[in-house]
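The file run36.cif contains mmCIF, C-alpha atoms and all ligand atoms:
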data_upload
loop_
_atom_site.label_atom_id
_atom_site.label_comp_id
_atom_site.auth_asym_id
_atom_site.auth_seq_id
_atom_site.Cartn_x
_atom_site.Cartn_y
_atom_site.Cartn_z
CA MET X 1 149.44 -36.73 88.71
CA GLU X 2 148.36 -33.63 90.64
CA ILE X 3 150.99 -30.91 90.79
CA ASN X 4 151.54 -28.04 93.26
CA LYS X 5 150.82 -30.41 96.12
CA VAL X 6 152.67 -31.97 99.06
CA TYR X 7 152.05 -35.73 99.10
CA PRO X 8 151.89 -36.93 102.73
CA GLU X 9 153.79 -40.18 102.18
CA ASN X 10 157.10 -41.90 101.64
CA CYS X 11 158.72 -40.42 98.51
CA ILE X 12 159.06 -43.94 97.12
CA GLU X 13 155.27 -44.00 96.67
CA THR X 14 155.12 -40.59 94.99
CA LEU X 15 158.03 -41.38 92.71
CA THR X 16 156.56 -44.75 91.73
CA ARG X 17 153.28 -43.10 90.61
CA MET X 18 155.01 -40.45 88.48
CA PRO X 19 155.38 -40.93 84.73
CA ASP X 20 158.95 -41.51 83.54
CA ASP X 21 160.95 -38.46 82.31
CA PHE X 22 158.68 -36.14 84.29
CA LEU X 23 160.85 -33.88 86.47
CA ASP X 24 162.96 -30.92 85.39
CA LEU X 25 164.64 -30.50 88.76
CA THR X 26 164.72 -32.21 92.13
CA LEU X 27 166.02 -29.97 94.89
CA THR X 28 166.26 -31.65 98.24
CA SER X 29 168.11 -32.24 101.47
CA PRO X 30 167.89 -35.87 102.56
CA PRO X 31 167.74 -37.06 106.14
CA TYR X 32 171.31 -38.30 106.63
CA ASP X 33 173.36 -39.93 109.33
CA ASP X 34 170.44 -39.90 111.70
CA LEU X 35 171.55 -36.37 112.61
CA ARG X 36 168.13 -35.35 113.77
CA THR X 37 165.07 -37.22 114.83
CA TYR X 38 162.40 -36.89 112.18
CA ASN X 39 158.98 -38.36 112.75
CA GLY X 40 158.53 -41.43 110.59
CA TYR X 41 162.16 -41.58 109.45
CA GLU X 42 162.77 -43.97 106.58
CA PHE X 43 165.45 -43.69 103.96
CA PRO X 44 166.01 -46.41 101.32
CA LEU X 45 168.73 -44.53 99.40
CA ASN X 46 169.35 -46.86 96.43
CA ASN X 47 165.70 -47.22 95.69
CA ILE X 48 165.18 -43.45 95.78
CA ILE X 49 168.12 -42.72 93.48
CA GLU X 50 167.02 -45.37 91.00
CA LEU X 51 163.54 -43.85 90.85
CA LEU X 52 164.89 -40.29 90.62
CA PHE X 53 166.90 -41.30 87.57
CA LYS X 54 163.84 -42.81 85.88
CA LYS X 55 161.55 -39.87 86.66
CA THR X 56 164.01 -37.10 85.74
CA LYS X 57 163.77 -35.80 82.17
CA PRO X 58 166.86 -36.15 79.97
CA GLY X 59 168.77 -32.92 80.68
CA GLY X 60 167.12 -32.70 84.11
CA VAL X 61 169.01 -32.12 87.32
CA VAL X 62 169.01 -33.26 90.97
CA VAL X 63 170.53 -30.91 93.56
CA TRP X 64 171.30 -32.93 96.70
CA VAL X 65 172.18 -30.82 99.75
CA ILE X 66 174.13 -32.87 102.28
CA GLY X 67 176.88 -32.77 104.90
CA ASP X 68 178.70 -35.30 107.06
CA ARG X 69 178.38 -36.26 110.66
CA THR X 70 181.47 -36.44 112.83
CA VAL X 71 181.88 -39.90 114.38
CA ASN X 72 184.68 -40.37 116.94
CA GLY X 73 186.37 -37.25 115.65
CA SER X 74 186.26 -38.23 111.97
CA GLU X 75 183.83 -37.48 109.15
CA SER X 76 181.27 -40.11 108.17
CA LEU X 77 181.84 -39.67 104.38
CA THR X 78 178.09 -39.99 103.83
CA SER X 79 178.09 -37.14 101.33
CA PHE X 80 180.68 -38.78 99.08
CA LYS X 81 179.06 -42.21 99.44
CA HIS X 82 175.79 -40.69 98.22
CA ALA X 83 177.57 -38.98 95.31
CA ILE X 84 179.12 -42.26 94.19
CA GLU X 85 175.75 -44.01 94.47
CA PHE X 86 174.15 -41.40 92.16
CA THR X 87 176.81 -41.96 89.52
CA LYS X 88 176.34 -45.74 89.76
CA HIS X 89 172.68 -45.21 88.84
CA GLY X 90 173.47 -43.23 85.68
CA PHE X 91 173.67 -39.62 86.86
CA SER X 92 176.68 -37.45 86.04
CA LEU X 93 178.19 -35.37 88.81
CA HIS X 94 177.87 -32.05 87.00
CA ASP X 95 179.08 -29.67 89.73
CA THR X 96 180.03 -29.99 93.39
CA MET X 97 178.81 -26.70 94.81
CA LEU X 98 179.14 -25.53 98.40
CA TYR X 99 176.48 -24.09 100.67
CA VAL X 100 178.56 -21.99 103.07
CA LYS X 101 176.96 -20.82 106.31
CA ASN X 102 177.75 -17.19 107.20
CA ASN X 103 176.78 -17.88 110.80
CA PRO X 104 177.33 -21.59 111.53
CA ILE X 105 175.83 -22.93 114.73
CA PRO X 106 178.53 -22.78 117.44
CA SER X 107 179.65 -26.23 118.57
CA ASP X 108 182.64 -27.80 120.25
CA CYS X 109 184.46 -29.46 117.38
CA GLY X 110 187.55 -30.69 119.22
CA LYS X 111 190.68 -30.61 117.06
CA ARG X 112 188.79 -29.42 114.01
CA TYR X 113 187.78 -26.04 112.62
CA ARG X 114 184.16 -24.98 112.93
CA GLN X 115 182.04 -26.83 110.36
CA ALA X 116 180.61 -24.14 108.10
CA PHE X 117 179.46 -25.79 104.85
CA GLU X 118 177.42 -28.52 103.24
CA TYR X 119 177.75 -29.92 99.74
CA MET X 120 175.22 -29.13 97.05
CA PHE X 121 175.88 -31.94 94.58
CA CYS X 122 174.40 -31.15 91.20
CA PHE X 123 173.68 -34.44 89.39
CA SER X 124 172.43 -34.39 85.81
CA LYS X 125 170.82 -36.89 83.48
CA GLY X 126 173.05 -36.21 80.47
CA GLN X 127 174.18 -32.59 80.19
CA PRO X 128 171.84 -30.10 81.91
CA GLY X 129 169.24 -28.79 79.45
CA THR X 130 168.83 -25.45 81.24
CA PHE X 131 171.44 -23.19 82.80
CA ASN X 132 170.52 -19.64 83.81
CA PRO X 133 173.67 -18.47 85.56
CA ILE X 134 173.50 -15.95 88.38
CA MET X 135 175.76 -13.05 87.43
CA GLN X 136 177.71 -10.50 89.43
CA ALA X 137 179.36 -7.23 88.47
CA THR X 138 183.05 -7.73 87.66
CA GLN X 139 183.89 -4.60 89.63
CA PRO X 140 181.64 -4.07 92.60
CA GLY X 141 180.31 -0.54 92.54
CA LYS X 142 180.83 -0.11 88.78
CA SER X 143 177.95 -2.39 88.18
CA PHE X 144 177.10 -3.99 84.87
CA LYS X 145 178.99 -1.81 82.37
CA SER X 146 181.88 -3.16 80.32
CA PHE X 147 185.07 -1.15 80.67
CA ARG X 148 188.29 -0.86 78.76
CA ILE X 149 191.73 -1.02 80.32
CA THR X 150 195.01 -0.38 78.60
CA LYS X 151 197.73 -2.93 79.21
CA VAL X 152 201.36 -2.65 78.22
CA GLY X 153 202.67 -5.93 76.82
CA ARG X 154 206.21 -7.37 76.99
CA ASN X 155 207.09 -5.60 73.75
CA ASP X 156 206.17 -2.27 75.38
CA LEU X 157 203.21 -1.85 73.04
CA ALA X 158 200.03 -0.72 74.69
CA HIS X 159 196.80 -2.50 73.79
CA ASP X 160 193.24 -2.17 74.96
CA HIS X 161 191.51 -4.97 76.76
CA VAL X 162 187.75 -4.95 77.36
CA VAL X 163 186.80 -6.34 80.75
CA PRO X 164 183.32 -7.86 80.65
CA ALA X 165 180.87 -6.04 82.87
CA GLU X 166 179.69 -9.16 84.60
CA ARG X 167 180.68 -12.73 85.27
CA LYS X 168 179.14 -15.88 86.71
CA VAL X 169 179.18 -16.16 90.50
CA SER X 170 181.40 -18.94 91.88
CA ASN X 171 180.06 -22.33 92.94
CA MET X 172 180.37 -21.39 96.63
CA PHE X 173 177.08 -19.91 97.81
CA PHE X 174 176.97 -18.01 101.12
CA TYR X 175 173.78 -17.83 103.18
CA ASN X 176 172.66 -16.87 106.65
CA VAL X 177 171.19 -19.76 108.56
CA GLY X 178 168.74 -19.62 111.45
CA THR X 179 165.98 -17.09 111.83
CA SER X 180 167.17 -14.81 109.02
CA SER X 181 166.97 -17.62 106.44
CA SER X 182 163.20 -17.15 105.95
CA ARG X 183 160.51 -14.64 106.87
CA ASP X 184 158.03 -17.46 107.48
CA ARG X 185 158.13 -18.00 111.25
CA ILE X 186 156.24 -21.26 110.90
CA ALA X 187 159.12 -22.81 108.91
CA PHE X 188 161.23 -22.86 112.08
CA GLU X 189 158.90 -25.41 113.63
CA HIS X 190 160.88 -27.85 111.44
CA PRO X 191 164.34 -28.69 112.86
CA ALA X 192 166.37 -28.66 109.63
CA ILE X 193 165.31 -26.19 106.95
CA PHE X 194 167.61 -24.91 104.25
CA PRO X 195 167.66 -21.16 103.44
CA GLU X 196 164.95 -19.87 101.15
CA GLN X 197 167.53 -18.01 99.03
CA LEU X 198 169.41 -21.29 98.43
CA ALA X 199 166.22 -22.76 96.96
CA MET X 200 165.59 -19.62 94.87
CA ASP X 201 169.14 -19.67 93.45
CA GLN X 202 169.10 -23.37 92.51
CA ILE X 203 165.60 -23.28 90.99
CA PHE X 204 166.41 -20.13 89.01
CA THR X 205 169.63 -21.69 87.68
CA TRP X 206 168.39 -25.10 86.51
CA THR X 207 164.79 -24.43 85.40
CA ASN X 208 162.62 -22.03 83.41
CA GLU X 209 159.15 -20.68 84.21
CA GLY X 210 156.51 -23.41 84.00
CA ASP X 211 159.02 -26.24 84.66
CA LEU X 212 158.37 -28.87 87.33
CA VAL X 213 160.43 -28.94 90.54
CA TYR X 214 160.28 -31.84 93.00
CA ASP X 215 161.42 -32.17 96.61
CA CYS X 216 161.32 -35.78 97.86
CA PHE X 217 161.96 -34.61 101.47
CA MET X 218 159.77 -31.53 101.57
CA GLY X 219 160.09 -30.71 105.29
CA SER X 220 158.69 -27.23 105.90
CA GLY X 221 158.02 -26.55 102.19
CA THR X 222 161.00 -24.32 101.33
CA THR X 223 161.43 -25.74 97.82
CA ALA X 224 157.70 -25.40 97.09
CA LYS X 225 157.59 -21.79 98.23
CA ALA X 226 160.62 -20.80 96.14
CA ALA X 227 159.27 -22.63 93.08
CA HIS X 228 155.92 -20.87 93.44
CA VAL X 229 157.55 -17.42 93.81
CA LEU X 230 159.61 -18.09 90.64
CA ASN X 231 156.54 -19.26 88.63
CA ARG X 232 157.63 -22.89 88.47
CA ASN X 233 155.33 -25.82 89.20
CA TRP X 234 156.26 -28.06 92.08
CA ILE X 235 155.46 -31.30 93.80
CA GLY X 236 156.70 -32.71 97.10
CA SER X 237 156.70 -35.73 99.39
CA GLU X 238 156.94 -35.60 103.17
CA ILE X 239 156.60 -38.69 105.32
CA SER X 240 155.83 -36.93 108.61
CA LYS X 241 152.22 -35.78 109.06
CA GLU X 242 153.41 -33.08 111.45
CA TYR X 243 155.78 -31.58 108.86
CA VAL X 244 153.17 -31.84 106.10
CA GLU X 245 150.93 -29.67 108.27
CA ILE X 246 153.72 -27.13 108.75
CA ALA X 247 154.43 -27.04 105.01
CA ASN X 248 150.77 -26.65 104.10
CA LYS X 249 150.22 -23.89 106.65
CA ARG X 250 153.28 -22.07 105.32
CA LEU X 251 152.30 -22.50 101.68
CA THR X 252 148.72 -21.35 102.29
CA MET X 253 150.14 -17.84 102.70
CA TYR X 254 151.38 -17.97 99.09
CA VAL X 255 149.31 -20.60 97.27
CA PRO X 256 145.65 -20.21 98.29
CA GLU X 257 144.63 -23.40 96.42
CA ILE X 258 146.57 -25.41 99.05
CA CYS X 259 144.11 -24.12 101.61
CA ALA X 260 141.16 -25.16 99.47
CA ALA X 261 142.55 -28.68 98.94
CA ALA X 262 143.54 -29.31 102.57
C1 LIG X 301 166.43 -32.28 106.00
S1 LIG X 301 164.70 -32.36 106.12
C2 LIG X 301 164.21 -31.35 104.74
C3 LIG X 301 163.96 -29.90 105.12
C4 LIG X 301 163.56 -29.03 103.95
N1 LIG X 301 164.64 -28.89 102.98
C5 LIG X 301 163.14 -27.63 104.43
O1 LIG X 301 163.76 -26.61 104.04
O2 LIG X 301 162.19 -27.55 105.21
C6 LIG X 301 164.31 -33.99 105.59
C7 LIG X 301 162.84 -34.35 105.64
O3 LIG X 301 162.67 -35.63 105.01
C8 LIG X 301 161.56 -36.28 105.62
N2 LIG X 301 161.65 -37.72 105.23
C9 LIG X 301 162.49 -38.67 105.72
N3 LIG X 301 162.34 -39.81 105.02
C10 LIG X 301 161.40 -39.58 104.07
C11 LIG X 301 160.85 -40.36 103.00
N4 LIG X 301 161.24 -41.64 102.79
N5 LIG X 301 159.92 -39.80 102.20
C12 LIG X 301 159.52 -38.51 102.37
N6 LIG X 301 160.01 -37.72 103.36
C13 LIG X 301 160.96 -38.24 104.19
C14 LIG X 301 161.75 -35.96 107.10
O4 LIG X 301 160.53 -36.12 107.82
C15 LIG X 301 162.24 -34.50 107.03
O5 LIG X 301 161.18 -33.59 107.18
#

So, in terms of structure tokens, how does the structure I just supplied come out?
Ligand SMILES: C[S@@+](CC[C@H](N)C(=O)[O-])C[C@H]1O[C@@H](n2cnc3c(N)ncnc32)[C@H](O)[C@@H]1O
Amino acid sequence: MEINKVYPENCIETLTRMPDDFLDLTLTSPPYDDLRTYNGYEFPLNNIIELLFKKTKPGGVVVWVIGDRTVNGSESLTSFKHAIEFTKHGFSLHDTMLYVKNNPIPSDCGKRYRQAFEYMFCFSKGQPGTFNPIMQATQPGKSFKSFRITKVGRNDLAHDHVVPAERKVSNMFFYNVGTSSSRDRIAFEHPAIFPEQLAMDQIFTWTNEGDLVYDCFMGSGTTAKAAHVLNRNWIGSEISKEYVEIANKRLTMYVPEICAAA
């Protein structure tokens, strides 16, 4: 199977051709709730999840970025239905992370607060084999040096306590959406991209250099670009010819071989 390539087809076809236990990470945002009109929309969920389970290596991970539509003032529950479906097919729900939008698109949401996040469900096949946590300084400004504080206990005895210099970030990730989410102008010809930094953070966390990252709904190629920048291999499927063209044009700026193959 050729890697570092966007397959212009239904992901079912790409997945079916892959060897079993092939993928280290799938990072994707599915078309859900018919929220937008994609060219060539088709979405057989159960089939896709079943294949993802087969094709993911033991210890591999799927990060599924999804939100809900509001129908007659209530949420569709699509995200949770998908999560339950993944667990029925053998995946564990390892972590429910949030993708919080710093600048959510203004909309009239009736008697509800402004919708500002999507779920990033992290499903794993067994326990994740790789975890490279993103760290932050415990005390902003005093970056990355352990420090000692003296505490006085209940018995009035003072004792030293070493505060670690850094700690893992939380599972809420904050990103700008819209034009500041990528420098690649061409990406915005697609109606529903996720931020490039989101892809960088997830790929960094769950894979190592040389690993294989898949996006079954490649859209404008965000996952591929981030994987390439982080020295991971990648593969993608995109059903719409128009979006495949956008992804390939975008990726040509970073992966010259795409240009040669196209
Ligand atoms: C939410 S968008 C993904 C956007 C992408 N994350 C990005 O940053 O550009 C979903 C994409 O899935 C594609 N799609 C829908 N059904 C598909 C299928 N069965 N196989 C492959 N692609 C599909 C749509 O054409 C659309 O481009």

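If you measure from each of X:Ser220, X:Thr56, X:Asn208, X:Asn72 to Arg185 in chain X using only C-alpha atoms, the closest one turns out to be X:Ser220.
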
Of the residues X:Asn176, X:Ser29, X:Thr130, X:Asn4, which is the one nearest to ligand LIG 301 (chain X), using all atoms listed in the file? X:Ser29

Return as AutoDock Vina command-line options the box centre and box size in Å, one decimal, for an axis-aligned box around all listed atoms of ligand LIG 301 (chain X) padded by 4 Å per side.
--center_x 163.0 --center_y -34.1 --center_z 105.0 --size_x 14.9 --size_y 23.0 --size_z 13.6

Fewer than 5 positions away in the same chain doesn't count, so skip those; otherwise give me all residues within 9 Å of His159 in chain X, counting all atoms listed in the file, as a PyMOL selection string. chain X and resi 149-153

Dig up all the protein and nucleic acid residues within 7 Å of (177.0, -29.4, 108.5) in the file frame, using only C-alpha atoms, and format them as a VMD selection string. chain X and resid 67 to 68 115 to 118

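Minimum distance to Ser237 in chain X across X:Asp21, X:Val65, X:Lys168, X:Pro30 (counting all atoms listed in the file) occurs at X:Pro30.
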
Ligand LIG 301 (chain X): which residues are within 7 Å, counting only C-alpha atoms and all ligand atoms? Reply as a PyMOL selection string. chain X and resi 9-12+28-31+38-44+187+190+192-195+216-223+237-240+243

Separation of CA of Val71 in chain X from CA of Pro106 in chain X in Å: 17.7 Å

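Taking only C-alpha atoms into account, Tyr99 in chain X lies nearest to X:Leu198 out of the set X:Val244, X:Ile134, X:Leu212, X:Leu198.
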